[in-house]
Amino acid sequence: MQMQFDGAVIKERNVTFAIAVVKPSVFASSDIEGLRKDFSRVFQNLPVVLMAQNAQGTARYSGRRDLVNFISKVPLNLIPWKKYTINFYY
């Protein structure tokens, strides 16, 4: 089974981290930390910030506070988005 998502790897001031776009409902999950860890494996164990947009296009972030503070000030159109595919094997 495959899953596609939009994401990006950001390198800024000697810090490299990833952003993964998720559905807004993910922010209500009781295991959001586990989800960030799952995405971290996709990005070769980089710290991950999860991002979702509401119907008005306003972004919401979840992750390390310093990374969220940084990325929340970057316009979305300046982030180098890319499509990622994850293969799940059972």
# chains A, B, ... in the order shown; residues from 1 in each chain; ligands from 1
>>> select_by_dssp(residues="chain A", states="strand (DSSP E or B)", output="JSON, numbers by chain")
{"A": [2, 3, 4, 5, 6, 7, 8, 9, 10, 11, 12, 15, 16, 17, 18, 19, 20, 21, 48, 49, 50, 51, 52, 53, 59, 60, 61, 62, 82, 83, 84, 85, 86, 87]}
>>> write_last_selection(atoms="N, CA, C and O atoms", output="CSV table (one decimal), in the first residue's frame")
chain,number,residue,atom,x,y,z
A,2,GLN,N,0.5,2.3,-0.7
A,2,GLN,CA,1.2,3.5,-0.8
A,2,GLN,C,0.4,4.7,-0.2
A,2,GLN,O,-0.8,4.7,-0.3
A,3,MET,N,1.1,5.7,0.3
A,3,MET,CA,0.5,6.9,0.8
A,3,MET,C,1.4,8.0,0.2
A,3,MET,O,2.6,8.0,0.3
A,4,GLN,N,0.7,9.1,-0.3
A,4,GLN,CA,1.5,10.2,-0.8
A,4,GLN,C,1.1,11.4,0.2
A,4,GLN,O,0.0,11.5,0.7
A,5,PHE,N,2.1,12.3,0.4
A,5,PHE,CA,1.9,13.5,1.1
A,5,PHE,C,2.9,14.6,0.6
A,5,PHE,O,3.9,14.3,0.0
A,6,ASP,N,2.6,15.8,0.9
A,6,ASP,CA,3.4,16.9,0.6
A,6,ASP,C,4.3,17.2,1.8
A,6,ASP,O,3.9,17.1,3.0
A,7,GLY,N,5.6,17.5,1.6
A,7,GLY,CA,6.5,17.8,2.6
A,7,GLY,C,7.7,18.6,2.1
A,7,GLY,O,7.7,18.9,0.9
A,8,ALA,N,8.6,18.9,3.0
A,8,ALA,CA,9.7,19.7,2.7
A,8,ALA,C,10.8,19.4,3.7
A,8,ALA,O,10.5,19.1,4.9
A,9,VAL,N,12.1,19.6,3.2
A,9,VAL,CA,13.2,19.6,4.2
A,9,VAL,C,13.7,21.0,4.2
A,9,VAL,O,14.0,21.6,3.1
A,10,ILE,N,13.9,21.5,5.4
A,10,ILE,CA,14.4,22.9,5.5
A,10,ILE,C,15.7,22.9,6.2
A,10,ILE,O,15.9,22.2,7.2
A,11,LYS,N,16.7,23.6,5.7
A,11,LYS,CA,18.0,23.8,6.3
A,11,LYS,C,18.1,25.3,6.6
A,11,LYS,O,18.1,26.1,5.7
A,12,GLU,N,18.3,25.6,7.8
A,12,GLU,CA,18.4,27.0,8.2
A,12,GLU,C,19.2,27.1,9.5
A,12,GLU,O,19.0,26.4,10.5
A,15,VAL,N,20.4,24.1,11.3
A,15,VAL,CA,19.4,23.2,11.8
A,15,VAL,C,18.7,22.7,10.5
A,15,VAL,O,18.3,23.4,9.6
A,16,THR,N,18.5,21.3,10.4
A,16,THR,CA,17.8,20.7,9.3
A,16,THR,C,16.6,20.0,9.9
A,16,THR,O,16.7,19.3,10.9
A,17,PHE,N,15.4,20.3,9.4
A,17,PHE,CA,14.2,19.6,9.8
A,17,PHE,C,13.3,19.4,8.7
A,17,PHE,O,13.5,19.9,7.6
A,18,ALA,N,12.2,18.7,8.9
A,18,ALA,CA,11.2,18.4,7.8
A,18,ALA,C,9.9,18.9,8.2
A,18,ALA,O,9.5,19.0,9.4
A,19,ILE,N,9.0,19.1,7.2
A,19,ILE,CA,7.6,19.5,7.4
A,19,ILE,C,6.8,18.5,6.7
A,19,ILE,O,7.1,18.1,5.5
A,20,ALA,N,5.8,18.0,7.3
A,20,ALA,CA,4.8,17.1,6.6
A,20,ALA,C,3.4,17.7,6.7
A,20,ALA,O,3.0,18.1,7.8
A,21,VAL,N,2.7,17.7,5.6
A,21,VAL,CA,1.4,18.2,5.5
A,21,VAL,C,0.4,17.1,5.9
A,21,VAL,O,0.5,16.0,5.3
A,48,VAL,N,10.5,16.5,12.9
A,48,VAL,CA,9.4,16.8,12.0
A,48,VAL,C,8.4,17.8,12.6
A,48,VAL,O,8.1,17.6,13.7
A,49,VAL,N,8.0,18.7,11.8
A,49,VAL,CA,6.9,19.6,12.1
A,49,VAL,C,5.7,19.2,11.3
A,49,VAL,O,5.9,19.1,10.0
A,50,LEU,N,4.6,19.0,11.9
A,50,LEU,CA,3.4,18.7,11.1
A,50,LEU,C,2.6,20.0,10.8
A,50,LEU,O,2.6,20.9,11.7
A,51,MET,N,2.1,20.1,9.6
A,51,MET,CA,1.4,21.3,9.2
A,51,MET,C,0.0,20.9,8.6
A,51,MET,O,0.0,20.0,7.8
A,52,ALA,N,-1.0,21.6,9.0
A,52,ALA,CA,-2.3,21.5,8.4
A,52,ALA,C,-2.9,22.8,8.2
A,52,ALA,O,-2.5,23.8,8.8
A,53,GLN,N,-3.8,22.9,7.2
A,53,GLN,CA,-4.4,24.2,6.9
A,53,GLN,C,-5.9,24.0,7.1
A,53,GLN,O,-6.5,23.0,6.7
A,59,ALA,N,-2.5,28.2,8.2
A,59,ALA,CA,-1.6,27.0,8.6
A,59,ALA,C,-1.6,26.9,10.2
A,59,ALA,O,-1.6,27.9,10.9
A,60,ARG,N,-1.5,25.6,10.6
A,60,ARG,CA,-1.3,25.3,12.0
A,60,ARG,C,-0.2,24.3,12.1
A,60,ARG,O,-0.1,23.4,11.2
A,61,TYR,N,0.7,24.4,13.1
A,61,TYR,CA,1.9,23.6,13.2
A,61,TYR,C,1.9,22.8,14.5
A,61,TYR,O,1.4,23.3,15.5
A,62,SER,N,2.6,21.7,14.4
A,62,SER,CA,2.8,20.9,15.7
A,62,SER,C,4.2,20.4,15.6
A,62,SER,O,4.6,19.7,14.6
A,82,LYS,N,7.5,19.3,-1.9
A,82,LYS,CA,7.7,18.1,-2.7
A,82,LYS,C,6.7,17.0,-2.4
A,82,LYS,O,6.3,16.9,-1.2
A,83,LYS,N,6.4,16.2,-3.3
A,83,LYS,CA,5.5,15.0,-3.1
A,83,LYS,C,6.4,13.9,-2.6
A,83,LYS,O,7.4,13.6,-3.2
A,84,TYR,N,6.0,13.2,-1.5
A,84,TYR,CA,6.7,12.0,-1.0
A,84,TYR,C,5.7,10.9,-1.1
A,84,TYR,O,4.5,11.0,-0.9
A,85,THR,N,6.3,9.7,-1.3
A,85,THR,CA,5.5,8.5,-1.3
A,85,THR,C,6.1,7.5,-0.2
A,85,THR,O,7.3,7.3,-0.2
A,86,ILE,N,5.2,7.0,0.6
A,86,ILE,CA,5.6,6.0,1.6
A,86,ILE,C,5.0,4.6,1.2
A,86,ILE,O,3.8,4.6,0.8
A,87,ASN,N,5.8,3.6,1.2
A,87,ASN,CA,5.3,2.3,0.9
A,87,ASN,C,5.1,1.5,2.2
A,87,ASN,O,6.1,1.5,3.0
>>> select_by_dssp(residues="chain A", states="helix (DSSP H, G or I)", output="list in words")
Pro24, Ser25, Val26, Phe27, Ala28, Ile32, Glu33, Gly34, Leu35, Arg36, Lys37, Asp38, Phe39, Ser40, Arg41, Val42, Arg65, Asp66, Leu67, Val68, Asn69, Phe70, Ile71, Leu76, Asn77 and Leu78 of chain A
>>> write_last_selection(atoms="N, CA, C and O atoms", output="compact mmCIF listing (two decimals), in the first residue's frame")
# COMPACT_ATOMS: atom_id res chain seq x y z
N PRO A 24 -6.24 18.46 9.01
CA PRO A 24 -6.46 19.16 10.29
C PRO A 24 -6.90 18.24 11.42
O PRO A 24 -6.56 18.46 12.58
N SER A 25 -7.61 17.18 11.11
CA SER A 25 -8.10 16.26 12.15
C SER A 25 -6.95 15.57 12.90
O SER A 25 -7.13 15.12 14.03
N VAL A 26 -5.79 15.51 12.30
CA VAL A 26 -4.63 14.89 12.94
C VAL A 26 -4.27 15.61 14.25
O VAL A 26 -3.82 14.99 15.20
N PHE A 27 -4.53 16.90 14.30
CA PHE A 27 -4.18 17.67 15.50
C PHE A 27 -5.02 17.28 16.71
O PHE A 27 -4.66 17.60 17.83
N ALA A 28 -6.11 16.56 16.48
CA ALA A 28 -6.94 16.09 17.59
C ALA A 28 -6.51 14.70 18.06
O ALA A 28 -7.03 14.20 19.05
N ILE A 32 -0.24 12.22 18.41
CA ILE A 32 0.40 13.10 17.43
C ILE A 32 1.93 12.98 17.51
O ILE A 32 2.62 13.07 16.50
N GLU A 33 2.45 12.74 18.70
CA GLU A 33 3.90 12.55 18.86
C GLU A 33 4.35 11.30 18.11
O GLU A 33 5.38 11.29 17.45
N GLY A 34 3.59 10.24 18.20
CA GLY A 34 3.90 9.01 17.48
C GLY A 34 3.87 9.22 15.98
O GLY A 34 4.71 8.69 15.24
N LEU A 35 2.92 10.02 15.51
CA LEU A 35 2.83 10.32 14.09
C LEU A 35 4.06 11.10 13.62
O LEU A 35 4.61 10.83 12.56
N ARG A 36 4.49 12.07 14.44
CA ARG A 36 5.71 12.82 14.09
C ARG A 36 6.90 11.86 13.99
O ARG A 36 7.74 12.00 13.10
N LYS A 37 6.98 10.89 14.88
CA LYS A 37 8.07 9.91 14.84
C LYS A 37 7.99 9.07 13.58
O LYS A 37 9.01 8.75 12.96
N ASP A 38 6.77 8.69 13.17
CA ASP A 38 6.60 7.93 11.93
C ASP A 38 7.10 8.73 10.73
O ASP A 38 7.82 8.20 9.88
N PHE A 39 6.73 9.99 10.66
CA PHE A 39 7.20 10.83 9.56
C PHE A 39 8.70 11.05 9.64
O PHE A 39 9.38 11.17 8.62
N SER A 40 9.25 11.09 10.84
CA SER A 40 10.69 11.28 11.01
C SER A 40 11.47 10.17 10.31
O SER A 40 12.52 10.41 9.73
N ARG A 41 10.94 8.95 10.34
CA ARG A 41 11.61 7.83 9.66
C ARG A 41 11.66 8.07 8.15
O ARG A 41 12.63 7.72 7.50
N VAL A 42 10.61 8.66 7.61
CA VAL A 42 10.57 8.96 6.18
C VAL A 42 11.67 9.97 5.83
O VAL A 42 12.29 9.89 4.78
N ARG A 65 9.06 23.47 19.57
CA ARG A 65 8.68 24.89 19.67
C ARG A 65 9.58 25.80 18.84
O ARG A 65 9.09 26.69 18.13
N ASP A 66 10.89 25.60 18.88
CA ASP A 66 11.79 26.47 18.12
C ASP A 66 11.56 26.33 16.62
O ASP A 66 11.58 27.33 15.89
N LEU A 67 11.29 25.11 16.16
CA LEU A 67 11.05 24.90 14.73
C LEU A 67 9.71 25.48 14.31
O LEU A 67 9.59 26.09 13.24
N VAL A 68 8.69 25.30 15.14
CA VAL A 68 7.37 25.87 14.85
C VAL A 68 7.45 27.39 14.82
O VAL A 68 6.89 28.02 13.92
N ASN A 69 8.14 27.98 15.78
CA ASN A 69 8.28 29.44 15.80
C ASN A 69 8.95 29.94 14.53
O ASN A 69 8.55 30.96 13.97
N PHE A 70 9.96 29.22 14.06
CA PHE A 70 10.65 29.63 12.84
C PHE A 70 9.75 29.48 11.62
O PHE A 70 9.53 30.42 10.87
N ILE A 71 9.23 28.28 11.41
CA ILE A 71 8.52 27.99 10.16
C ILE A 71 7.19 28.75 10.07
O ILE A 71 6.72 29.05 8.97
N LEU A 76 4.09 30.20 3.11
CA LEU A 76 3.96 28.84 2.59
C LEU A 76 4.49 28.70 1.16
O LEU A 76 5.04 27.66 0.81
N ASN A 77 4.34 29.74 0.36
CA ASN A 77 4.80 29.65 -1.03
C ASN A 77 6.33 29.68 -1.15
O ASN A 77 6.86 29.42 -2.22
N LEU A 78 7.04 29.98 -0.07
CA LEU A 78 8.50 29.97 -0.11
C LEU A 78 9.10 28.66 0.39
O LEU A 78 10.30 28.46 0.35
>>> atom_distance(atom1="CA of Ser72 in chain A", atom2="CA of Asn45 in chain A")
21.5 Å
>>> atom_distance(atom1="CA of Arg13 in chain A", atom2="CA of Pro47 in chain A")
14.7 Å
>>> atom_distance(atom1="CA of Asp31 in chain A", atom2="CA of Thr58 in chain A")
22.8 Å
